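K.L.:
Structure: target_3.cif, mmCIF, C-alpha atoms.
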data_work
#
loop_
_atom_site.label_atom_id
_atom_site.label_comp_id
_atom_site.auth_asym_id
_atom_site.auth_seq_id
_atom_site.Cartn_x
_atom_site.Cartn_y
_atom_site.Cartn_z
CA MET A 1 79.76 -8.29 -18.93
CA PHE A 2 83.15 -7.85 -20.54
CA ILE A 3 85.69 -10.63 -20.87
CA ALA A 4 89.39 -10.03 -21.43
CA ASN A 5 91.77 -11.34 -24.09
CA SER A 6 89.48 -11.57 -27.10
CA GLN A 7 88.19 -9.24 -29.80
CA GLU A 8 85.09 -11.30 -30.60
CA SER A 9 81.61 -11.92 -29.19
CA ASN A 10 80.55 -15.05 -27.38
CA GLN A 11 77.45 -17.11 -28.19
CA GLU A 12 75.20 -14.80 -26.16
CA GLY A 13 76.43 -11.78 -28.12
CA VAL A 14 78.38 -10.39 -25.17
CA GLU A 15 81.16 -8.19 -26.48
CA LEU A 16 84.56 -9.46 -25.50
CA MET A 17 87.30 -6.97 -24.76
CA SER A 18 91.06 -7.28 -24.77
CA SER A 19 93.06 -6.48 -21.64
CA LEU A 20 94.14 -3.24 -23.30
CA GLU A 21 90.52 -2.22 -23.94
CA ILE A 22 89.48 -3.09 -20.39
CA ASP A 23 92.41 -1.17 -18.93
CA ALA A 24 91.69 1.85 -21.15
CA THR A 25 87.99 1.85 -20.26
CA LEU A 26 88.67 1.40 -16.55
CA TRP A 27 91.26 4.18 -16.54
CA ILE A 28 88.94 6.70 -18.14
CA MET A 29 85.98 5.67 -15.95
CA ASP A 30 88.08 5.95 -12.80
CA GLU A 31 89.69 9.21 -13.90
CA LEU A 32 86.37 10.91 -14.68
CA TYR A 33 83.89 9.26 -12.33
CA GLY A 34 85.73 7.16 -9.76
CA ILE A 35 84.21 3.97 -11.21
CA LYS A 36 86.34 0.89 -10.62
CA GLU A 37 84.58 -1.68 -12.81
CA VAL A 38 83.18 -1.74 -16.33
CA PRO A 39 79.36 -1.62 -16.35
CA PRO A 40 77.43 -4.43 -18.07
CA GLN A 41 77.09 -3.95 -21.83
CA GLN A 42 73.27 -3.88 -21.72
CA ASP A 43 73.41 -0.69 -19.63
CA TYR A 44 74.87 1.26 -22.54
CA GLU A 45 71.71 1.12 -24.66
CA SER A 46 69.53 2.75 -22.00
CA PHE A 47 72.28 5.24 -21.14
CA THR A 48 72.72 6.22 -24.80
CA LYS A 49 69.00 6.59 -25.40
CA ALA A 50 68.37 8.65 -22.25
CA VAL A 51 71.20 11.05 -23.09
CA LEU A 52 70.12 11.48 -26.71
CA ILE A 53 66.46 11.98 -25.72
CA CYS A 54 67.68 14.97 -23.68
CA ALA A 55 69.78 16.22 -26.59
CA LYS A 56 66.64 16.18 -28.72
CA GLY A 57 64.88 18.44 -26.22
CA ASP A 58 65.25 21.32 -28.69
CA GLY A 59 63.65 19.26 -31.47
CA THR A 60 66.78 17.82 -33.02
CA ILE A 61 69.98 15.99 -32.18
CA SER A 62 72.57 18.19 -33.85
CA PRO A 63 75.51 16.62 -35.74
CA GLU A 64 77.83 18.03 -33.05
CA GLU A 65 75.81 16.47 -30.23
CA ARG A 66 75.59 13.13 -32.02
CA GLY A 67 79.29 13.28 -32.91
CA TRP A 68 80.34 14.17 -29.36
CA PHE A 69 78.41 11.26 -27.86
CA ALA A 70 79.57 8.83 -30.56
CA GLY A 71 83.17 9.93 -29.93
CA ARG A 72 82.72 9.44 -26.19
CA SER A 73 81.34 5.96 -26.84
CA ALA A 74 84.29 5.15 -29.09
CA ALA A 75 86.73 6.34 -26.42
CA TYR A 76 85.06 3.96 -23.96
CA ARG A 77 85.35 1.12 -26.49
CA ASN A 78 81.55 0.97 -26.39
CA THR A 79 80.58 -0.43 -29.79
CA LYS A 80 76.87 -0.70 -28.99
CA GLY A 81 76.62 2.89 -27.71
CA TYR A 82 78.70 4.14 -30.64
CA GLU A 83 76.51 2.45 -33.26
CA LEU A 84 73.30 3.52 -31.53
CA ALA A 85 74.53 7.13 -31.19
CA LYS A 86 74.97 7.30 -34.97
CA ILE A 87 71.35 6.40 -35.77
CA TYR A 88 69.07 6.80 -32.74
CA ALA A 89 66.23 9.27 -33.33
CA GLY A 90 65.64 10.12 -29.64
CA ASP A 91 61.88 9.53 -29.79
CA ASP A 92 61.37 6.92 -27.08
CA ASP A 93 59.60 7.64 -23.81
CA LEU A 94 62.19 8.76 -21.27
CA GLN A 95 60.46 7.01 -18.36
CA GLU A 96 60.44 3.67 -20.22
CA VAL A 97 64.09 4.03 -21.22
CA LEU A 98 65.14 4.82 -17.65
CA ALA A 99 63.08 1.92 -16.30
CA GLY A 100 65.21 -0.47 -18.35
CA SER A 101 68.53 0.86 -17.09
CA ALA A 102 70.69 -0.57 -14.32
CA ASN A 103 72.59 2.75 -14.47
CA VAL A 104 69.91 4.32 -12.30
CA ALA A 105 70.33 1.83 -9.44
CA SER A 106 72.98 3.98 -7.77
CA ARG A 107 72.97 7.71 -7.10
CA LYS A 108 76.39 7.94 -8.77
CA GLY A 109 74.98 6.34 -11.92
CA ARG A 110 72.05 8.78 -11.94
CA LEU A 111 74.39 11.75 -11.52
CA ILE A 112 76.63 10.52 -14.33
CA ILE A 113 73.67 10.24 -16.72
CA ILE A 114 72.72 13.85 -15.93
CA TYR A 115 76.34 15.01 -16.35
CA VAL A 116 76.80 13.27 -19.70
CA ALA A 117 73.40 14.49 -20.92
CA ILE A 118 74.40 18.09 -20.19
CA GLN A 119 77.77 17.60 -21.90
CA THR A 120 76.04 16.14 -24.95
CA CYS A 121 73.38 18.87 -25.07
CA THR A 122 76.06 21.57 -25.02
CA ALA A 123 78.34 19.93 -27.60
CA ASP A 124 76.90 22.20 -30.31
CA GLY A 125 77.78 25.30 -28.30
CA GLU A 126 74.24 25.91 -27.03
CA TYR A 127 72.16 24.58 -24.16
CA HIS A 128 68.65 25.19 -25.42
CA SER A 129 65.75 25.66 -23.02
CA GLY A 130 64.09 22.49 -24.38
CA GLU A 131 67.24 20.51 -23.61
CA GLN A 132 67.38 22.00 -20.13
CA GLU A 133 63.75 20.98 -19.61
CA LYS A 134 64.47 17.40 -20.72
CA VAL A 135 67.51 17.19 -18.43
CA ARG A 136 65.38 18.42 -15.54
CA GLU A 137 62.61 15.99 -16.43
CA MET A 138 65.13 13.15 -16.37
CA ALA A 139 66.63 14.41 -13.10
CA ALA A 140 63.17 14.55 -11.49
CA LYS A 141 62.41 11.01 -12.64
CA LEU A 142 65.74 9.93 -11.14
CA GLY A 143 65.18 11.77 -7.87
CA ILE A 144 68.00 14.26 -8.44
CA GLU A 145 67.41 17.65 -6.82
CA GLU A 146 67.28 20.86 -8.89
CA SER A 147 70.20 22.32 -6.92
CA VAL A 148 72.34 19.33 -7.90
CA VAL A 149 71.40 19.73 -11.58
CA GLN A 150 72.47 23.39 -11.33
CA GLU A 151 75.80 22.34 -9.79
CA ILE A 152 76.41 19.85 -12.61
CA GLU A 153 75.51 22.50 -15.20
CA GLN A 154 78.00 24.89 -13.60
CA LEU A 155 80.64 22.16 -13.56
CA CYS A 156 80.12 21.60 -17.30
CA VAL A 157 80.52 25.36 -17.95
CA GLU A 158 83.74 25.44 -15.91
CA GLU A 159 85.10 22.36 -17.66
CA ALA A 160 84.38 23.93 -21.07
CA GLU A 161 86.27 27.06 -20.00
CA ILE A 162 89.22 24.97 -18.76
CA ARG A 163 89.24 23.07 -22.08
CA LYS A 164 89.42 26.36 -24.01
CA LYS A 165 92.27 27.52 -21.79
CA ARG A 166 94.12 24.21 -22.19
CA LEU A 167 93.78 24.31 -25.97
CA ALA A 168 94.98 27.93 -26.07
CA ILE A 169 98.02 27.21 -23.89
CA LEU A 170 98.95 24.07 -25.81
CA SER A 171 98.39 25.50 -29.28
CA ASP A 172 101.20 26.03 -31.77
#
Please, can you express the file's structure as structure tokens?
P.N.:
Amino acid sequence: MFIANSQESNQEGVELMSSLEIDATLWIMDELYGIKEVPPQQDYESFTKAVLICAKGDGTISPEERGWFAGRSAAYRNTKGYELAKIYAGDDDLQEVLAGSANVASRKGRLIIIYVAIQTCTADGEYHSGEQEKVREMAAKLGIEESVVQEIEQLCVEEAEIRKKRLAILSD
């Protein structure tokens, strides 16, 4: 739970966010995913771990993958996810991690985890077969069809191409 107008934590350790931080987080979540409310803070740990377990599907979480996810967490004002992304080894059991996540309660949440996992896995410029296997393992555990995973993978490819085009057009 996030509470506005403070930069501190309450007695239960719940991170408090300013109105600016809430508005920034809500804007980006709505813009990218159509989400209208900030998820509970405890969801970020499971989300971060599940994504980084997939990124380690090739045997290692590359600095680019770790940096991309940490940067994403920072953009979302997600201190817990940011700090965890910097140090997490990615060795936990995926099933156990997913079982502790409220993110998987909705189909949208399950799709977003798959989407972000693919983005993270490809942040180093490669989408290794081991990473693809881990993403598919997670998708199967979440009840996401193979055809949907393929659509999300294609979306990520198209978005990467659009990013390159945008950067080229807007370059000096």
K.L.:
With the file shown as input, list the residues that the PyMOL selection byres ((chain A and resi 88) around 10) selects, as number ranges by chain.
P.N.:
A: 48-49, 52-53, 61, 66, 81, 83-87, 89-92
K.L.:
Emit the selected residues as a PDB file, in the frame of the given file, including C-alpha atoms.
P.N.:
ATOM      1  CA  THR A  48      72.720   6.220 -24.800  1.00  0.00           C
ATOM      2  CA  LYS A  49      69.000   6.590 -25.400  1.00  0.00           C
ATOM      3  CA  LEU A  52      70.120  11.480 -26.710  1.00  0.00           C
ATOM      4  CA  ILE A  53      66.460  11.980 -25.720  1.00  0.00           C
ATOM      5  CA  ILE A  61      69.980  15.990 -32.180  1.00  0.00           C
ATOM      6  CA  ARG A  66      75.590  13.130 -32.020  1.00  0.00           C
ATOM      7  CA  GLY A  81      76.620   2.890 -27.710  1.00  0.00           C
ATOM      8  CA  GLU A  83      76.510   2.450 -33.260  1.00  0.00           C
ATOM      9  CA  LEU A  84      73.300   3.520 -31.530  1.00  0.00           C
ATOM     10  CA  ALA A  85      74.530   7.130 -31.190  1.00  0.00           C
ATOM     11  CA  LYS A  86      74.970   7.300 -34.970  1.00  0.00           C
ATOM     12  CA  ILE A  87      71.350   6.400 -35.770  1.00  0.00           C
ATOM     13  CA  ALA A  89      66.230   9.270 -33.330  1.00  0.00           C
ATOM     14  CA  GLY A  90      65.640  10.120 -29.640  1.00  0.00           C
ATOM     15  CA  ASP A  91      61.880   9.530 -29.790  1.00  0.00           C
ATOM     16  CA  ASP A  92      61.370   6.920 -27.080  1.00  0.00           C
TER      17      ASP A  92
END
K.L.:
Residue by residue, what does the PyMOL selection byres ((chain A and resi 131) around 8) grab here? Present the result as a PyMOL selection string.
P.N.:
chain A and resi 54-58+121+127-130+132-135
K.L.:
Take the PyMOL selection byres ((chain A and resi 109-115) around 8), run it mentally on this structure, and tell me the resulting residues as a list in words.
P.N.:
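When the PyMOL selection byres ((chain A and resi 109-115) around 8) is applied, the selected residues are Tyr33, Phe47, Ala50, Val51, Asn103, Val104, Ala105, Ser106, Arg107, Lys108, Val116, Ala117, Ile118, Gln119, Val135, Met138, Ala139, Leu142, Ile144, Val149, Ile152, Glu153 and Cys156 of chain A.
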K.L.:
Could you list, as a VMD selection string, every residue within 12 Å of Leu32 (chain A), counting only C-alpha atoms and ignoring same-chain residues fewer than 2 positions away?
P.N.:
chain A and resid 25 to 30 34 to 36 76 108 112 115 to 116 159
K.L.:
Using CA of Glu145 (chain A) and CA of Asp93 (chain A) as the two end points, give the distance in Å to one decimal.
P.N.:
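Atom-to-atom, CA of Glu145 (chain A) and CA of Asp93 (chain A) are spaced 21.2 Å apart.
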K.L.:
Show me, as a VMD selection string, the residues that have an atom within 10 Å of Gly67 (chain A) when counting only C-alpha atoms, minus same-chain residues fewer than 2 positions from it.
P.N.:
chain A and resid 61 to 65 69 to 73 82 85 to 86 120 123 to 124
K.L.:
When you draw a straight line from CA of Lys80 (chain A) to CA of Trp68 (chain A), how long is it in Å?
P.N.:
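Distance reported for this atom pair: 15.3 Å.
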K.L.:
Complete region 58-71 of chain A with N, CA, C and O atoms (output as a PDB file, keeping the file's coordinate frame).
P.N.:
ATOM      1  N   ASP A  58      65.477  20.126 -27.863  1.00  0.00           N
ATOM      2  CA  ASP A  58      65.250  21.320 -28.690  1.00  0.00           C
ATOM      3  C   ASP A  58      64.650  20.962 -30.043  1.00  0.00           C
ATOM      4  O   ASP A  58      64.531  21.817 -30.906  1.00  0.00           O
ATOM      5  N   GLY A  59      64.276  19.688 -30.223  1.00  0.00           N
ATOM      6  CA  GLY A  59      63.650  19.260 -31.470  1.00  0.00           C
ATOM      7  C   GLY A  59      64.550  18.482 -32.394  1.00  0.00           C
ATOM      8  O   GLY A  59      64.070  17.835 -33.323  1.00  0.00           O
ATOM      9  N   THR A  60      65.856  18.536 -32.153  1.00  0.00           N
ATOM     10  CA  THR A  60      66.780  17.820 -33.020  1.00  0.00           C
ATOM     11  C   THR A  60      68.046  17.443 -32.264  1.00  0.00           C
ATOM     12  O   THR A  60      68.439  18.143 -31.333  1.00  0.00           O
ATOM     13  N   ILE A  61      68.648  16.353 -32.678  1.00  0.00           N
ATOM     14  CA  ILE A  61      69.980  15.990 -32.180  1.00  0.00           C
ATOM     15  C   ILE A  61      70.942  16.524 -33.230  1.00  0.00           C
ATOM     16  O   ILE A  61      70.975  16.035 -34.362  1.00  0.00           O
ATOM     17  N   SER A  62      71.688  17.558 -32.875  1.00  0.00           N
ATOM     18  CA  SER A  62      72.570  18.190 -33.850  1.00  0.00           C
ATOM     19  C   SER A  62      73.727  17.241 -34.205  1.00  0.00           C
ATOM     20  O   SER A  62      74.063  16.339 -33.432  1.00  0.00           O
ATOM     21  N   PRO A  63      74.345  17.442 -35.376  1.00  0.00           N
ATOM     22  CA  PRO A  63      75.510  16.620 -35.740  1.00  0.00           C
ATOM     23  C   PRO A  63      76.621  16.701 -34.686  1.00  0.00           C
ATOM     24  O   PRO A  63      77.293  15.709 -34.418  1.00  0.00           O
ATOM     25  N   GLU A  64      76.793  17.873 -34.075  1.00  0.00           N
ATOM     26  CA  GLU A  64      77.830  18.030 -33.050  1.00  0.00           C
ATOM     27  C   GLU A  64      77.495  17.225 -31.790  1.00  0.00           C
ATOM     28  O   GLU A  64      78.383  16.608 -31.198  1.00  0.00           O
ATOM     29  N   GLU A  65      76.228  17.244 -31.396  1.00  0.00           N
ATOM     30  CA  GLU A  65      75.810  16.470 -30.230  1.00  0.00           C
ATOM     31  C   GLU A  65      75.966  14.973 -30.490  1.00  0.00           C
ATOM     32  O   GLU A  65      76.534  14.240 -29.670  1.00  0.00           O
ATOM     33  N   ARG A  66      75.493  14.546 -31.653  1.00  0.00           N
ATOM     34  CA  ARG A  66      75.590  13.130 -32.020  1.00  0.00           C
ATOM     35  C   ARG A  66      77.063  12.722 -32.125  1.00  0.00           C
ATOM     36  O   ARG A  66      77.468  11.680 -31.630  1.00  0.00           O
ATOM     37  N   GLY A  67      77.867  13.575 -32.748  1.00  0.00           N
ATOM     38  CA  GLY A  67      79.290  13.280 -32.910  1.00  0.00           C
ATOM     39  C   GLY A  67      80.027  13.236 -31.584  1.00  0.00           C
ATOM     40  O   GLY A  67      80.902  12.387 -31.371  1.00  0.00           O
ATOM     41  N   TRP A  68      79.682  14.159 -30.657  1.00  0.00           N
ATOM     42  CA  TRP A  68      80.340  14.170 -29.360  1.00  0.00           C
ATOM     43  C   TRP A  68      80.045  12.877 -28.602  1.00  0.00           C
ATOM     44  O   TRP A  68      80.943  12.239 -28.069  1.00  0.00           O
ATOM     45  N   PHE A  69      78.762  12.479 -28.595  1.00  0.00           N
ATOM     46  CA  PHE A  69      78.410  11.260 -27.860  1.00  0.00           C
ATOM     47  C   PHE A  69      78.993  10.025 -28.533  1.00  0.00           C
ATOM     48  O   PHE A  69      79.468   9.109 -27.846  1.00  0.00           O
ATOM     49  N   ALA A  70      78.981   9.978 -29.855  1.00  0.00           N
ATOM     50  CA  ALA A  70      79.570   8.830 -30.560  1.00  0.00           C
ATOM     51  C   ALA A  70      81.074   8.759 -30.266  1.00  0.00           C
ATOM     52  O   ALA A  70      81.614   7.671 -30.038  1.00  0.00           O
ATOM     53  N   GLY A  71      81.748   9.899 -30.260  1.00  0.00           N
ATOM     54  CA  GLY A  71      83.170   9.930 -29.930  1.00  0.00           C
ATOM     55  C   GLY A  71      83.437   9.474 -28.517  1.00  0.00           C
ATOM     56  O   GLY A  71      84.396   8.731 -28.243  1.00  0.00           O
TER      57      GLY A  71
END
